[in-house]
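Content type PDB, C-alpha atoms, from the file upload-v5.pdb:
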ATOM      1  CA  MET A   1       0.000   0.000   0.000  1.00  0.00           C
ATOM      2  CA  ILE A   2       2.891   2.378   0.737  1.00  0.00           C
ATOM      3  CA  ALA A   3       4.435   1.788  -2.693  1.00  0.00           C
ATOM      4  CA  GLU A   4       1.133   2.692  -4.366  1.00  0.00           C
ATOM      5  CA  SER A   5       0.689   5.903  -2.345  1.00  0.00           C
ATOM      6  CA  THR A   6       1.774   9.382  -3.319  1.00  0.00           C
ATOM      7  CA  LYS A   7       4.092  11.501  -1.189  1.00  0.00           C
ATOM      8  CA  ALA A   8       1.094  13.673  -0.331  1.00  0.00           C
ATOM      9  CA  ASP A   9      -0.841  10.590   0.844  1.00  0.00           C
ATOM     10  CA  LEU A  10       2.051   9.495   3.046  1.00  0.00           C
ATOM     11  CA  ALA A  11       2.466  13.015   4.428  1.00  0.00           C
ATOM     12  CA  GLU A  12      -1.241  13.178   5.312  1.00  0.00           C
ATOM     13  CA  CYS A  13      -1.034   9.750   6.953  1.00  0.00           C
ATOM     14  CA  ALA A  14       1.994  10.866   9.008  1.00  0.00           C
ATOM     15  CA  ARG A  15       0.196  14.087   9.975  1.00  0.00           C
ATOM     16  CA  LEU A  16      -2.870  12.211  11.226  1.00  0.00           C
ATOM     17  CA  LEU A  17      -0.775   9.696  13.158  1.00  0.00           C
ATOM     18  CA  ALA A  18       1.258  12.526  14.692  1.00  0.00           C
ATOM     19  CA  LEU A  19      -1.974  14.181  15.826  1.00  0.00           C
ATOM     20  CA  ASN A  20      -3.077  10.901  17.425  1.00  0.00           C
ATOM     21  CA  LEU A  21       0.260  10.604  19.219  1.00  0.00           C
ATOM     22  CA  ALA A  22       0.127  14.211  20.432  1.00  0.00           C
ATOM     23  CA  GLN A  23      -3.387  13.651  21.757  1.00  0.00           C
ATOM     24  CA  TYR A  24      -2.238  10.502  23.581  1.00  0.00           C
ATOM     25  CA  LYS A  25       0.707  12.370  25.158  1.00  0.00           C
ATOM     26  CA  ALA A  26      -1.534  15.245  26.226  1.00  0.00           C
ATOM     27  CA  LYS A  27      -3.952  12.834  27.877  1.00  0.00           C
ATOM     28  CA  TYR A  28      -1.572  10.254  29.396  1.00  0.00           C
ATOM     29  CA  GLY A  29       1.861  11.905  29.424  1.00  0.00           C
ATOM     30  CA  GLU A  30       5.156  10.910  27.844  1.00  0.00           C
ATOM     31  CA  LEU A  31       5.865   7.197  27.490  1.00  0.00           C
ATOM     32  CA  PRO A  32       9.017   6.314  29.475  1.00  0.00           C
ATOM     33  CA  LEU A  33      11.916   5.156  27.309  1.00  0.00           C
ATOM     34  CA  GLU A  34      12.124   1.755  29.015  1.00  0.00           C
ATOM     35  CA  ASP A  35       8.506   1.095  28.064  1.00  0.00           C
ATOM     36  CA  HIS A  36       9.353   1.429  24.360  1.00  0.00           C
ATOM     37  CA  GLN A  37      11.133  -1.964  24.355  1.00  0.00           C
ATOM     38  CA  ALA A  38       8.147  -3.628  26.006  1.00  0.00           C
ATOM     39  CA  MET A  39       5.901  -2.042  23.367  1.00  0.00           C
ATOM     40  CA  LEU A  40       7.982  -3.512  20.554  1.00  0.00           C
ATOM     41  CA  GLU A  41       7.651  -6.974  22.054  1.00  0.00           C
ATOM     42  CA  ALA A  42       3.923  -6.683  22.653  1.00  0.00           C
ATOM     43  CA  LYS A  43       0.855  -6.754  20.471  1.00  0.00           C
ATOM     44  CA  LEU A  44       0.933  -2.958  20.582  1.00  0.00           C
ATOM     45  CA  LEU A  45       3.355  -2.864  17.647  1.00  0.00           C
ATOM     46  CA  ALA A  46       0.968  -4.932  15.520  1.00  0.00           C
ATOM     47  CA  ASN A  47      -1.900  -2.659  16.524  1.00  0.00           C
ATOM     48  CA  GLY A  48       0.170   0.388  15.538  1.00  0.00           C
ATOM     49  CA  ILE A  49       0.870  -1.065  12.109  1.00  0.00           C
ATOM     50  CA  LEU A  50      -2.827  -1.841  11.697  1.00  0.00           C
ATOM     51  CA  GLU A  51      -3.683   1.750  12.670  1.00  0.00           C
ATOM     52  CA  MET A  52      -1.199   3.117  10.132  1.00  0.00           C
ATOM     53  CA  THR A  53      -2.689   0.881   7.441  1.00  0.00           C
ATOM     54  CA  MET A  54      -6.224   2.057   8.233  1.00  0.00           C
ATOM     55  CA  VAL A  55      -5.214   5.722   8.133  1.00  0.00           C
ATOM     56  CA  LEU A  56      -3.306   5.277   4.865  1.00  0.00           C
ATOM     57  CA  ALA A  57      -6.233   3.387   3.325  1.00  0.00           C
ATOM     58  CA  THR A  58      -8.550   6.218   4.358  1.00  0.00           C
ATOM     59  CA  VAL A  59      -6.250   8.965   3.059  1.00  0.00           C
ATOM     60  CA  THR A  60      -5.805   7.236  -0.298  1.00  0.00           C
ATOM     61  CA  GLY A  61      -9.510   6.459  -0.710  1.00  0.00           C
ATOM     62  CA  ARG A  62      -8.919   2.707  -0.544  1.00  0.00           C
ATOM     63  CA  PHE A  63     -10.572   2.020   2.813  1.00  0.00           C
ATOM     64  CA  GLU A  64     -13.540   0.084   1.395  1.00  0.00           C
ATOM     65  CA  GLY A  65     -11.254  -2.167  -0.664  1.00  0.00           C
ATOM     66  CA  TRP A  66      -9.000  -2.667   2.329  1.00  0.00           C
ATOM     67  CA  LEU A  67     -11.963  -3.690   4.504  1.00  0.00           C
ATOM     68  CA  LYS A  68     -13.127  -6.130   1.835  1.00  0.00           C
ATOM     69  CA  ALA A  69      -9.652  -7.663   1.578  1.00  0.00           C
ATOM     70  CA  LEU A  70      -9.466  -7.910   5.369  1.00  0.00           C
ATOM     71  CA  SER A  71     -12.760  -9.800   5.561  1.00  0.00           C
ATOM     72  CA  THR A  72     -11.887 -12.239   2.771  1.00  0.00           C
ATOM     73  CA  PRO A  73     -10.880 -15.639   4.184  1.00  0.00           C
ATOM     74  CA  ILE A  74      -7.373 -16.836   3.355  1.00  0.00           C
ATOM     75  CA  HIS A  75      -7.329 -20.330   1.878  1.00  0.00           C
TER      76      HIS A  75
END
Would you mind writing the file's structure down as structure tokens?
Amino acid sequence: MIAESTKADLAECARLLALNLAQYKAKYGELPLEDHQAMLEAKLLANGILEMTMVLATVTGRFEGWLKALSTPIH
């Protein structure tokens, strides 16, 4: 999906994710550095990648196709 996106799409995706991060920090505070390693080992990293994919699919107008692909069983 990244390879098929324009620079403007990627910039918009980064902007929206940065806003989400800023909102999180304003609400909960800064994440301690030692917690970053635990995050990388946890499901949180997978959830972050999923969030990025959803935002990029929305920005590029491919959200409906992405949802359809997500709901298609893998054989």
Problem set entry | d(CA of Thr53 (chain A), CA of Leu10 (chain A)) in Å | 10.8 Å
Exercise. When distances are computed from only C-alpha atoms, which of A:Met39, A:Leu45, A:Val55, A:Leu50 shows the smallest separation from Leu70 (chain A)?
Worked result: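 Checking each candidate against Leu70 (chain A), we get A:Leu50 as the closest.
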For this session: Using only C-alpha atoms, pick whichever of A:Leu56, A:Thr72, A:Gly65, A:Ala38 has the shortest atom-to-atom distance to Ala11 (chain A).
Result: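 The closest residue to Ala11 (chain A) is A:Leu56.
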Problem set entry | Atomic separation - CA of Glu51 (chain A) relative to CA of Ser5 (chain A), Å | 16.2 Å
Exercise. How would you write, as a ChimeraX atom specification, the residues chosen by the PyMOL selection byres ((chain A and resi 13-27) around 10) on this structure?
Worked result: /A:7-12,28-31,48,51-60
Exercise. Which distance in Å separates CA of Gly61 (chain A) and CA of Lys43 (chain A), to one decimal?
Worked result: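 Here the two named atoms are 27.0 Å from each other.
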Exercise. In terms of the shortest atom-to-atom distance over all atoms listed in the file, which of A:Ile74, A:Ala42, A:Arg62, A:Pro32 is closest to Glu4 (chain A)?
Worked result: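 When distances to Glu4 (chain A) are compared using all atoms listed in the file, the smallest one comes from A:Arg62.
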Exercise on region 65-73 of chain A, axis-aligned box with 8 Å per side, report centre and edge lengths in Å to one decimal, as lines of an AutoDock Vina configuration file:
center_x = -11.1
center_y = -8.9
center_z = 2.4
size_x = 20.1
size_y = 29.5
size_z = 22.2
